[in-house]
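Source file: final.pdb (PDB, C-alpha atoms)
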```
ATOM      1  CA  MET A   1       0.000   0.000   0.000
ATOM      2  CA  THR A   2       1.437   3.387  -0.967
ATOM      3  CA  ALA A   3       1.286   6.238   1.476
ATOM      4  CA  ARG A   4      -0.770   9.246   0.481
ATOM      5  CA  PRO A   5       1.365  12.287  -0.319
ATOM      6  CA  SER A   6       1.325  15.109   2.171
ATOM      7  CA  PRO A   7      -1.142  17.828   1.121
ATOM      8  CA  THR A   8       0.156  21.145  -0.203
ATOM      9  CA  LEU A   9       0.017  23.999   2.283
ATOM     10  CA  VAL A  10      -1.484  27.267   1.067
ATOM     11  CA  LEU A  11      -0.698  30.290   3.233
ATOM     12  CA  ALA A  12      -3.557  32.785   3.010
ATOM     13  CA  SER A  13      -1.358  35.761   3.862
ATOM     14  CA  SER A  14       1.153  38.015   2.165
ATOM     15  CA  SER A  15       2.875  38.688   5.522
ATOM     16  CA  PRO A  16       6.612  37.922   5.375
ATOM     17  CA  ARG A  17       6.511  37.588   9.183
ATOM     18  CA  ARG A  18       4.140  34.629   8.945
ATOM     19  CA  ARG A  19       6.375  32.929   6.367
ATOM     20  CA  ASP A  20       9.390  33.469   8.644
ATOM     21  CA  LEU A  21       7.511  32.064  11.635
ATOM     22  CA  LEU A  22       6.451  28.963   9.676
ATOM     23  CA  ALA A  23      10.097  28.464   8.676
ATOM     24  CA  GLN A  24      10.986  28.319  12.391
ATOM     25  CA  ILE A  25       8.957  25.096  12.672
ATOM     26  CA  GLY A  26      10.291  23.726   9.377
ATOM     27  CA  VAL A  27       7.226  24.508   7.245
ATOM     28  CA  THR A  28       7.377  26.104   3.806
ATOM     29  CA  PRO A  29       4.065  26.894   2.110
ATOM     30  CA  GLY A  30       3.660  25.432  -1.366
ATOM     31  CA  GLN A  31       1.511  28.409  -2.382
ATOM     32  CA  ILE A  32       0.806  31.906  -1.069
ATOM     33  CA  ARG A  33      -2.586  33.424  -1.835
ATOM     34  CA  SER A  34      -3.596  36.737  -0.314
ATOM     35  CA  PRO A  35      -7.220  36.995   0.825
ATOM     36  CA  ASP A  36      -9.254  40.071   0.004
ATOM     37  CA  ILE A  37     -11.873  40.612   2.718
ATOM     38  CA  ASP A  38     -13.503  43.467   4.591
ATOM     39  CA  GLU A  39     -11.564  43.774   7.865
ATOM     40  CA  GLU A  40     -13.844  46.338   9.497
ATOM     41  CA  PRO A  41     -15.030  45.208  12.959
ATOM     42  CA  ARG A  42     -18.780  44.776  13.288
ATOM     43  CA  LYS A  43     -20.663  47.095  15.600
ATOM     44  CA  GLY A  44     -20.135  45.936  19.188
ATOM     45  CA  GLU A  45     -17.819  43.087  18.132
ATOM     46  CA  LEU A  46     -15.294  42.241  20.838
ATOM     47  CA  PRO A  47     -11.592  41.857  19.956
ATOM     48  CA  ARG A  48     -11.177  38.089  20.430
ATOM     49  CA  PRO A  49     -14.259  37.066  18.383
ATOM     50  CA  TYR A  50     -13.164  39.627  15.793
ATOM     51  CA  ALA A  51      -9.703  37.999  15.484
ATOM     52  CA  GLU A  52     -11.279  34.542  15.191
ATOM     53  CA  ARG A  53     -13.732  35.740  12.534
ATOM     54  CA  MET A  54     -10.946  37.424  10.551
ATOM     55  CA  ALA A  55      -8.769  34.280  10.536
ATOM     56  CA  SER A  56     -11.738  32.124   9.525
ATOM     57  CA  GLU A  57     -12.887  34.480   6.758
ATOM     58  CA  LYS A  58      -9.346  34.848   5.384
ATOM     59  CA  ALA A  59      -9.003  31.053   5.138
ATOM     60  CA  LEU A  60     -12.360  30.775   3.364
ATOM     61  CA  ALA A  61     -11.589  33.682   0.999
ATOM     62  CA  VAL A  62      -8.784  31.988  -0.929
ATOM     63  CA  PRO A  63      -9.461  29.267  -3.507
ATOM     64  CA  ARG A  64      -8.570  25.754  -2.320
ATOM     65  CA  GLN A  65      -7.852  22.955  -4.783
ATOM     66  CA  ASP A  66      -8.043  19.209  -4.115
ATOM     67  CA  GLY A  67      -5.189  18.089  -1.893
ATOM     68  CA  GLU A  68      -4.546  21.552  -0.454
ATOM     69  CA  VAL A  69      -4.610  22.736   3.155
ATOM     70  CA  VAL A  70      -5.194  26.434   3.794
ATOM     71  CA  LEU A  71      -3.726  28.327   6.760
ATOM     72  CA  ALA A  72      -4.766  31.880   7.645
ATOM     73  CA  GLY A  73      -4.068  34.054  10.656
ATOM     74  CA  ASP A  74      -5.070  37.325  12.220
ATOM     75  CA  THR A  75      -3.372  39.330  14.952
ATOM     76  CA  THR A  76      -5.564  41.822  16.783
ATOM     77  CA  VAL A  77      -4.257  44.329  19.318
ATOM     78  CA  ALA A  78      -6.889  45.339  21.866
ATOM     79  CA  LEU A  79      -6.961  47.996  24.535
ATOM     80  CA  GLY A  80      -9.904  46.959  26.668
ATOM     81  CA  ARG A  81     -12.813  46.374  24.283
ATOM     82  CA  ARG A  82     -11.270  48.544  21.565
ATOM     83  CA  VAL A  83      -9.578  47.013  18.501
ATOM     84  CA  LEU A  84      -6.492  48.976  17.472
ATOM     85  CA  PRO A  85      -6.237  48.583  13.680
ATOM     86  CA  GLN A  86      -3.132  48.584  11.522
ATOM     87  CA  ALA A  87      -1.363  51.920  11.706
ATOM     88  CA  GLN A  88      -1.514  53.746   8.380
ATOM     89  CA  SER A  89       0.850  56.612   9.207
ATOM     90  CA  GLU A  90       3.461  57.906  11.664
ATOM     91  CA  GLU A  91       0.628  59.837  13.331
ATOM     92  CA  ASP A  92      -1.328  56.595  13.866
ATOM     93  CA  VAL A  93       1.739  54.901  15.373
ATOM     94  CA  ALA A  94       2.367  57.799  17.748
ATOM     95  CA  GLY A  95      -1.298  57.932  18.758
ATOM     96  CA  PHE A  96      -1.435  54.206  19.490
ATOM     97  CA  LEU A  97       1.792  54.317  21.512
ATOM     98  CA  ARG A  98       0.454  57.185  23.616
ATOM     99  CA  MET A  99      -2.604  55.026  24.399
ATOM    100  CA  LEU A 100      -0.498  51.926  25.152
ATOM    101  CA  SER A 101       2.219  53.681  27.177
ATOM    102  CA  GLY A 102       2.509  52.162  30.662
ATOM    103  CA  ARG A 103      -0.642  50.047  30.220
ATOM    104  CA  ARG A 104      -1.238  46.354  29.668
ATOM    105  CA  HIS A 105      -3.067  45.399  26.518
ATOM    106  CA  ARG A 106      -4.077  42.116  24.925
ATOM    107  CA  VAL A 107      -2.970  40.618  21.648
ATOM    108  CA  HIS A 108      -5.342  38.019  20.187
ATOM    109  CA  SER A 109      -3.684  35.856  17.548
ATOM    110  CA  ALA A 110      -6.126  33.584  15.739
ATOM    111  CA  ILE A 111      -5.325  30.874  13.208
ATOM    112  CA  SER A 112      -7.669  28.960  10.957
ATOM    113  CA  VAL A 113      -6.850  25.804   9.009
ATOM    114  CA  ILE A 114      -9.014  24.180   6.341
ATOM    115  CA  ASP A 115      -7.856  20.604   5.737
ATOM    116  CA  ALA A 116      -7.883  18.726   2.431
ATOM    117  CA  ASN A 117     -11.403  17.423   3.232
ATOM    118  CA  GLY A 118     -12.751  20.952   3.748
ATOM    119  CA  ARG A 119     -12.955  20.774   7.557
ATOM    120  CA  GLN A 120     -12.107  24.085   9.211
ATOM    121  CA  ARG A 121     -10.559  24.466  12.655
ATOM    122  CA  THR A 122      -9.880  27.824  14.291
ATOM    123  CA  ARG A 123      -7.892  28.577  17.460
ATOM    124  CA  CYS A 124      -7.042  31.818  19.242
ATOM    125  CA  VAL A 125      -4.198  32.589  21.645
ATOM    126  CA  THR A 126      -4.346  35.646  23.879
ATOM    127  CA  SER A 127      -1.189  37.272  25.235
ATOM    128  CA  GLN A 128      -0.735  40.278  27.494
ATOM    129  CA  VAL A 129       1.832  42.959  26.664
ATOM    130  CA  ARG A 130       2.843  46.138  28.458
ATOM    131  CA  PHE A 131       4.937  49.019  27.195
ATOM    132  CA  LYS A 132       7.013  50.904  29.730
ATOM    133  CA  ARG A 133       5.970  54.495  30.312
ATOM    134  CA  LEU A 134       7.089  56.073  27.074
ATOM    135  CA  SER A 135       8.486  59.574  26.790
ATOM    136  CA  GLU A 136       7.266  61.781  23.956
ATOM    137  CA  GLU A 137      10.749  61.514  22.432
ATOM    138  CA  GLU A 138      10.600  57.689  22.459
ATOM    139  CA  ILE A 139       7.166  57.791  20.859
ATOM    140  CA  ARG A 140       8.280  60.214  18.141
ATOM    141  CA  ASN A 141      11.487  58.279  17.427
ATOM    142  CA  TYR A 142       9.650  54.978  17.106
ATOM    143  CA  ALA A 143       6.945  56.507  14.905
ATOM    144  CA  ARG A 144       9.617  58.071  12.647
ATOM    145  CA  SER A 145      11.357  54.707  12.229
ATOM    146  CA  GLY A 146       8.421  53.548  10.098
ATOM    147  CA  GLU A 147       8.497  50.114  11.718
ATOM    148  CA  GLY A 148       4.985  50.371  13.157
ATOM    149  CA  ILE A 149       3.256  51.345   9.907
ATOM    150  CA  GLY A 150       1.096  48.496   8.629
ATOM    151  CA  LYS A 151       1.213  46.743  12.012
ATOM    152  CA  ALA A 152      -1.777  46.093  14.264
ATOM    153  CA  GLY A 153      -1.585  48.502  17.180
ATOM    154  CA  GLY A 154       1.257  50.377  15.488
ATOM    155  CA  TYR A 155       4.206  48.288  16.687
ATOM    156  CA  ALA A 156       6.314  45.232  15.873
ATOM    157  CA  ILE A 157       7.453  43.296  18.953
ATOM    158  CA  GLN A 158      10.142  41.543  16.911
ATOM    159  CA  GLY A 159      11.813  44.863  16.053
ATOM    160  CA  ARG A 160      12.735  48.064  17.865
ATOM    161  CA  ALA A 161       9.603  47.933  20.002
ATOM    162  CA  ALA A 162      11.107  44.977  21.892
ATOM    163  CA  GLY A 163      13.280  47.464  23.769
ATOM    164  CA  LEU A 164      10.189  49.364  24.948
ATOM    165  CA  ILE A 165       8.172  46.392  26.244
ATOM    166  CA  ASP A 166       8.679  45.524  29.902
ATOM    167  CA  PHE A 167       6.107  42.718  30.270
ATOM    168  CA  LEU A 168       4.856  39.834  28.144
ATOM    169  CA  ALA A 169       2.668  36.967  29.309
ATOM    170  CA  GLY A 170       1.751  34.420  26.681
ATOM    171  CA  SER A 171       3.199  33.544  23.295
ATOM    172  CA  HIS A 172       5.881  35.755  21.754
ATOM    173  CA  SER A 173       5.347  34.194  18.306
ATOM    174  CA  ALA A 174       1.606  34.901  18.586
ATOM    175  CA  VAL A 175       2.285  38.596  19.193
ATOM    176  CA  VAL A 176       4.573  38.591  16.142
ATOM    177  CA  GLY A 177       1.779  37.041  14.048
ATOM    178  CA  LEU A 178       1.402  33.267  14.432
ATOM    179  CA  PRO A 179       1.126  31.128  17.605
ATOM    180  CA  LEU A 180       3.573  28.401  16.604
ATOM    181  CA  PHE A 181       2.581  25.701  19.099
ATOM    182  CA  GLU A 182      -1.076  25.830  18.071
ATOM    183  CA  THR A 183      -0.215  26.260  14.379
ATOM    184  CA  ARG A 184       1.990  23.166  14.422
ATOM    185  CA  ALA A 185      -0.762  21.120  16.103
ATOM    186  CA  LEU A 186      -3.424  22.201  13.591
ATOM    187  CA  LEU A 187      -1.153  21.571  10.597
ATOM    188  CA  LYS A 188      -0.216  18.132  11.908
ATOM    189  CA  ALA A 189      -3.912  17.290  12.374
ATOM    190  CA  ALA A 190      -4.506  18.419   8.775
ATOM    191  CA  GLY A 191      -1.861  15.989   7.474
ATOM    192  CA  ILE A 192       0.973  18.436   6.770
ATOM    193  CA  ALA A 193       4.321  16.638   7.126
ATOM    194  CA  LEU A 194       6.331  18.112  10.003
ATOM    195  CA  ALA A 195       9.888  17.384  11.072
TER     196      ALA A 195
END
```

Can the structure in the file be given as structure tokens, please?
Amino acid sequence: MTARPSPTLVLASSSPRRRDLLAQIGVTPGQIRSPDIDEEPRKGELPRPYAERMASEKALAVPRQDGEVVLAGDTTVALGRRVLPQAQSEEDVAGFLRMLSGRRHRVHSAISVIDANGRQRTRCVTSQVRFKRLSEEEIRNYARSGEGIGKAGGYAIQGRAAGLIDFLAGSHSAVVGLPLFETRALLKAAGIALA
């Protein structure tokens, strides 16, 4: 009896960070297909359900062929019940950092996997992060660096922001963009060959 070949993994994300994180667990997507969905939170939608919905909708939004497994993720930064979107400008970054300065916030990192049989599984990991009390100069310097533009909440924990964060409880890889422990488990369950 011949063994069935491992399905092809499709990453439903154009994020280079997610590709780098997958490489850390020895996974290289066979295809990358960027989803095109409306990422506006619904009225009254809380951050964690929002992250889970985004990951699920992104996975469903890309075409899946026979023998393919789709992986999508979403990272949502939340201050209380408020979702902090991706920063679009230096002004956004500075504004978000002023809000986050000296306060704990949550990062919800959801992943959704659709296996070769069409079964979808979604998981969400919540981490807590706290910036030190930031001076206006630190805020301006970080905003000017450009690193936070395009990032949820206006910062990248894997970059310069790491030097401004004095507390993290949870998964570092989830805050970067993909909870690796949970991702590995879902991919293994979906039949993706793992080292």

Please identify all polymer residues within 7 Å of region 13-21 of chain A, counting all atoms listed in the file, omitting same-chain residues fewer than 6 positions from it, and present them as a PyMOL selection string. chain A and resi 32-35+72+177-178

Picked residues, the PyMOL selection byres ((chain A and resi 96-111) around 9), expected as an mmCIF file with C-alpha atoms, in the frame of the given file:
```cif
data_model
loop_
_atom_site.group_PDB
_atom_site.id
_atom_site.type_symbol
_atom_site.label_atom_id
_atom_site.label_comp_id
_atom_site.auth_asym_id
_atom_site.auth_seq_id
_atom_site.Cartn_x
_atom_site.Cartn_y
_atom_site.Cartn_z
ATOM 1 C CA PRO A 47 -11.592 41.857 19.956
ATOM 2 C CA ARG A 48 -11.177 38.089 20.430
ATOM 3 C CA ALA A 51 -9.703 37.999 15.484
ATOM 4 C CA GLU A 52 -11.279 34.542 15.191
ATOM 5 C CA ARG A 53 -13.732 35.740 12.534
ATOM 6 C CA MET A 54 -10.946 37.424 10.551
ATOM 7 C CA ALA A 55 -8.769 34.280 10.536
ATOM 8 C CA SER A 56 -11.738 32.124 9.525
ATOM 9 C CA ALA A 59 -9.003 31.053 5.138
ATOM 10 C CA LEU A 71 -3.726 28.327 6.760
ATOM 11 C CA ALA A 72 -4.766 31.880 7.645
ATOM 12 C CA GLY A 73 -4.068 34.054 10.656
ATOM 13 C CA ASP A 74 -5.070 37.325 12.220
ATOM 14 C CA THR A 75 -3.372 39.330 14.952
ATOM 15 C CA THR A 76 -5.564 41.822 16.783
ATOM 16 C CA VAL A 77 -4.257 44.329 19.318
ATOM 17 C CA ALA A 78 -6.889 45.339 21.866
ATOM 18 C CA LEU A 79 -6.961 47.996 24.535
ATOM 19 C CA GLY A 80 -9.904 46.959 26.668
ATOM 20 C CA LEU A 84 -6.492 48.976 17.472
ATOM 21 C CA ALA A 87 -1.363 51.920 11.706
ATOM 22 C CA GLU A 91 0.628 59.837 13.331
ATOM 23 C CA ASP A 92 -1.328 56.595 13.866
ATOM 24 C CA VAL A 93 1.739 54.901 15.373
ATOM 25 C CA ALA A 94 2.367 57.799 17.748
ATOM 26 C CA GLY A 95 -1.298 57.932 18.758
ATOM 27 C CA SER A 112 -7.669 28.960 10.957
ATOM 28 C CA VAL A 113 -6.850 25.804 9.009
ATOM 29 C CA ARG A 121 -10.559 24.466 12.655
ATOM 30 C CA THR A 122 -9.880 27.824 14.291
ATOM 31 C CA ARG A 123 -7.892 28.577 17.460
ATOM 32 C CA CYS A 124 -7.042 31.818 19.242
ATOM 33 C CA VAL A 125 -4.198 32.589 21.645
ATOM 34 C CA THR A 126 -4.346 35.646 23.879
ATOM 35 C CA SER A 127 -1.189 37.272 25.235
ATOM 36 C CA GLN A 128 -0.735 40.278 27.494
ATOM 37 C CA VAL A 129 1.832 42.959 26.664
ATOM 38 C CA ARG A 130 2.843 46.138 28.458
ATOM 39 C CA PHE A 131 4.937 49.019 27.195
ATOM 40 C CA LYS A 132 7.013 50.904 29.730
ATOM 41 C CA ARG A 133 5.970 54.495 30.312
ATOM 42 C CA LEU A 134 7.089 56.073 27.074
ATOM 43 C CA SER A 135 8.486 59.574 26.790
ATOM 44 C CA GLU A 136 7.266 61.781 23.956
ATOM 45 C CA ILE A 139 7.166 57.791 20.859
ATOM 46 C CA ALA A 143 6.945 56.507 14.905
ATOM 47 C CA GLY A 153 -1.585 48.502 17.180
ATOM 48 C CA GLY A 154 1.257 50.377 15.488
ATOM 49 C CA TYR A 155 4.206 48.288 16.687
ATOM 50 C CA PHE A 167 6.107 42.718 30.270
ATOM 51 C CA ALA A 174 1.606 34.901 18.586
ATOM 52 C CA VAL A 175 2.285 38.596 19.193
ATOM 53 C CA VAL A 176 4.573 38.591 16.142
ATOM 54 C CA GLY A 177 1.779 37.041 14.048
ATOM 55 C CA LEU A 178 1.402 33.267 14.432
ATOM 56 C CA PRO A 179 1.126 31.128 17.605
ATOM 57 C CA GLU A 182 -1.076 25.830 18.071
ATOM 58 C CA THR A 183 -0.215 26.260 14.379
ATOM 59 C CA LEU A 186 -3.424 22.201 13.591
#
```

From the options A:Leu11, A:Gln88, A:Ser6, A:Val27, which residue's atoms come nearest to Ile149 (chain A), counting only C-alpha atoms? A:Gln88

Please put the answer as lines of an AutoDock Vina configuration file: centre and edge lengths, in Å with one decimal, of a box along x, y and z that encloses all listed atoms of region 51-70 of chain A plus 3 Å on each side.
```
center_x = -9.1
center_y = 28.0
center_z = 5.4
size_x = 15.2
size_y = 25.9
size_z = 26.3
```

Figure out the distance between CA of Val10 (chain A) and CA of Gln31 (chain A), please, to one decimal in Å. 4.7 Å

Interatomic distance between CA of Leu180 (chain A) and CA of Thr28 (chain A)?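 We find that CA of Leu180 (chain A) and CA of Thr28 (chain A) lie 13.5 Å from each other.
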
Work out how far CA of Ser173 (chain A) is from CA of Tyr142 (chain A), in Å to one decimal.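 Calculated distance between CA of Tyr142 (chain A) and CA of Ser173 (chain A) is 21.3 Å.
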
Name the closest residue to Leu60 (chain A) among the candidates A:Leu187, A:Ala161, A:Ala12, A:Ala152; distances are taken between atoms, counting only C-alpha atoms.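 Closest candidate: A:Ala12.
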
What would the selection look like, as a list in words, if the PyMOL selection byres ((chain A and resi 191) around 8) were run on the coordinates I just shared?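 Applied to this file, the PyMOL selection byres ((chain A and resi 191) around 8) returns Ser6, Pro7, Asp115, Leu187, Lys188, Ala189, Ala190, Ile192 and Ala193 of chain A.
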
Using all atoms listed in the file: which of A:Pro29, A:Ile114, A:Arg140, A:Glu45 has the shortest distance to Ala61 (chain A):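 Residue with the minimum atom-to-atom distance to Ala61 (chain A): A:Ile114.
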
Can I get region 11-22 of chain A with all heavy atoms filled in, as a PDB file, in the frame of the given file?
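After the write, rebuild-v7.pdb holds the following:
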```pdb
ATOM      1  N   LEU A  11      -0.671  29.243   2.216  1.00  0.00           N
ATOM      2  CA  LEU A  11      -0.698  30.290   3.233  1.00  0.00           C
ATOM      3  C   LEU A  11      -1.550  31.439   2.714  1.00  0.00           C
ATOM      4  O   LEU A  11      -1.231  32.057   1.698  1.00  0.00           O
ATOM      5  CB  LEU A  11       0.721  30.777   3.553  1.00  0.00           C
ATOM      6  CG  LEU A  11       0.827  31.931   4.559  1.00  0.00           C
ATOM      7  CD1 LEU A  11       0.238  31.547   5.912  1.00  0.00           C
ATOM      8  CD2 LEU A  11       2.278  32.371   4.710  1.00  0.00           C
ATOM      9  N   ALA A  12      -2.650  31.705   3.413  1.00  0.00           N
ATOM     10  CA  ALA A  12      -3.557  32.785   3.010  1.00  0.00           C
ATOM     11  C   ALA A  12      -3.104  34.077   3.679  1.00  0.00           C
ATOM     12  O   ALA A  12      -3.772  34.619   4.556  1.00  0.00           O
ATOM     13  CB  ALA A  12      -4.989  32.436   3.386  1.00  0.00           C
ATOM     14  N   SER A  13      -1.927  34.540   3.278  1.00  0.00           N
ATOM     15  CA  SER A  13      -1.358  35.761   3.862  1.00  0.00           C
ATOM     16  C   SER A  13      -0.171  36.200   3.022  1.00  0.00           C
ATOM     17  O   SER A  13       0.610  35.368   2.573  1.00  0.00           O
ATOM     18  CB  SER A  13      -0.885  35.491   5.294  1.00  0.00           C
ATOM     19  OG  SER A  13      -0.196  36.604   5.816  1.00  0.00           O
ATOM     20  N   SER A  14      -0.032  37.504   2.856  1.00  0.00           N
ATOM     21  CA  SER A  14       1.153  38.015   2.165  1.00  0.00           C
ATOM     22  C   SER A  14       2.205  38.487   3.170  1.00  0.00           C
ATOM     23  O   SER A  14       3.214  39.054   2.784  1.00  0.00           O
ATOM     24  CB  SER A  14       0.761  39.167   1.233  1.00  0.00           C
ATOM     25  OG  SER A  14       0.091  40.178   1.974  1.00  0.00           O
ATOM     26  N   SER A  15       1.971  38.225   4.469  1.00  0.00           N
ATOM     27  CA  SER A  15       2.875  38.688   5.522  1.00  0.00           C
ATOM     28  C   SER A  15       4.194  37.921   5.517  1.00  0.00           C
ATOM     29  O   SER A  15       4.211  36.703   5.724  1.00  0.00           O
ATOM     30  CB  SER A  15       2.209  38.523   6.889  1.00  0.00           C
ATOM     31  OG  SER A  15       3.159  38.646   7.918  1.00  0.00           O
ATOM     32  N   PRO A  16       5.321  38.616   5.297  1.00  0.00           N
ATOM     33  CA  PRO A  16       6.612  37.922   5.375  1.00  0.00           C
ATOM     34  C   PRO A  16       6.886  37.402   6.786  1.00  0.00           C
ATOM     35  O   PRO A  16       7.576  36.405   6.968  1.00  0.00           O
ATOM     36  CB  PRO A  16       7.635  38.983   4.959  1.00  0.00           C
ATOM     37  CG  PRO A  16       6.934  40.298   5.056  1.00  0.00           C
ATOM     38  CD  PRO A  16       5.472  40.034   4.936  1.00  0.00           C
ATOM     39  N   ARG A  17       6.312  38.055   7.810  1.00  0.00           N
ATOM     40  CA  ARG A  17       6.511  37.588   9.183  1.00  0.00           C
ATOM     41  C   ARG A  17       5.922  36.194   9.367  1.00  0.00           C
ATOM     42  O   ARG A  17       6.513  35.343  10.027  1.00  0.00           O
ATOM     43  CB  ARG A  17       5.866  38.554  10.186  1.00  0.00           C
ATOM     44  CG  ARG A  17       6.553  39.905  10.264  1.00  0.00           C
ATOM     45  CD  ARG A  17       5.830  40.875  11.172  1.00  0.00           C
ATOM     46  NE  ARG A  17       4.429  41.094  10.810  1.00  0.00           N
ATOM     47  CZ  ARG A  17       4.017  41.836   9.783  1.00  0.00           C
ATOM     48  NH1 ARG A  17       4.904  42.417   8.997  1.00  0.00           N
ATOM     49  NH2 ARG A  17       2.731  41.996   9.533  1.00  0.00           N
ATOM     50  N   ARG A  18       4.755  35.953   8.786  1.00  0.00           N
ATOM     51  CA  ARG A  18       4.140  34.629   8.945  1.00  0.00           C
ATOM     52  C   ARG A  18       4.960  33.553   8.216  1.00  0.00           C
ATOM     53  O   ARG A  18       5.110  32.441   8.710  1.00  0.00           O
ATOM     54  CB  ARG A  18       2.680  34.648   8.473  1.00  0.00           C
ATOM     55  CG  ARG A  18       1.808  35.460   9.421  1.00  0.00           C
ATOM     56  CD  ARG A  18       0.324  35.157   9.313  1.00  0.00           C
ATOM     57  NE  ARG A  18      -0.361  35.870  10.388  1.00  0.00           N
ATOM     58  CZ  ARG A  18      -1.055  36.990  10.220  1.00  0.00           C
ATOM     59  NH1 ARG A  18      -1.193  37.522   9.024  1.00  0.00           N
ATOM     60  NH2 ARG A  18      -1.632  37.570  11.253  1.00  0.00           N
ATOM     61  N   ARG A  19       5.505  33.898   7.069  1.00  0.00           N
ATOM     62  CA  ARG A  19       6.375  32.929   6.367  1.00  0.00           C
ATOM     63  C   ARG A  19       7.607  32.627   7.204  1.00  0.00           C
ATOM     64  O   ARG A  19       8.020  31.469   7.329  1.00  0.00           O
ATOM     65  CB  ARG A  19       6.786  33.473   4.995  1.00  0.00           C
ATOM     66  CG  ARG A  19       5.664  33.457   3.979  1.00  0.00           C
ATOM     67  CD  ARG A  19       6.183  33.646   2.557  1.00  0.00           C
ATOM     68  NE  ARG A  19       6.858  34.906   2.353  1.00  0.00           N
ATOM     69  CZ  ARG A  19       6.286  36.026   1.928  1.00  0.00           C
ATOM     70  NH1 ARG A  19       4.988  36.039   1.659  1.00  0.00           N
ATOM     71  NH2 ARG A  19       6.973  37.119   1.758  1.00  0.00           N
ATOM     72  N   ASP A  20       8.207  33.666   7.795  1.00  0.00           N
ATOM     73  CA  ASP A  20       9.390  33.469   8.644  1.00  0.00           C
ATOM     74  C   ASP A  20       9.067  32.609   9.861  1.00  0.00           C
ATOM     75  O   ASP A  20       9.852  31.746  10.255  1.00  0.00           O
ATOM     76  CB  ASP A  20       9.959  34.814   9.114  1.00  0.00           C
ATOM     77  CG  ASP A  20      10.568  35.638   7.986  1.00  0.00           C
ATOM     78  OD1 ASP A  20      10.801  35.074   6.888  1.00  0.00           O
ATOM     79  OD2 ASP A  20      10.790  36.850   8.193  1.00  0.00           O
ATOM     80  N   LEU A  21       7.898  32.851  10.465  1.00  0.00           N
ATOM     81  CA  LEU A  21       7.511  32.064  11.635  1.00  0.00           C
ATOM     82  C   LEU A  21       7.291  30.604  11.258  1.00  0.00           C
ATOM     83  O   LEU A  21       7.719  29.696  11.980  1.00  0.00           O
ATOM     84  CB  LEU A  21       6.247  32.654  12.271  1.00  0.00           C
ATOM     85  CG  LEU A  21       6.473  33.955  13.050  1.00  0.00           C
ATOM     86  CD1 LEU A  21       5.144  34.655  13.308  1.00  0.00           C
ATOM     87  CD2 LEU A  21       7.203  33.695  14.357  1.00  0.00           C
ATOM     88  N   LEU A  22       6.634  30.347  10.126  1.00  0.00           N
ATOM     89  CA  LEU A  22       6.451  28.963   9.676  1.00  0.00           C
ATOM     90  C   LEU A  22       7.806  28.283   9.455  1.00  0.00           C
ATOM     91  O   LEU A  22       7.981  27.106   9.787  1.00  0.00           O
ATOM     92  CB  LEU A  22       5.616  28.917   8.399  1.00  0.00           C
ATOM     93  CG  LEU A  22       4.114  29.130   8.567  1.00  0.00           C
ATOM     94  CD1 LEU A  22       3.444  29.254   7.208  1.00  0.00           C
ATOM     95  CD2 LEU A  22       3.483  28.007   9.383  1.00  0.00           C
TER      96      LEU A  22
END
```
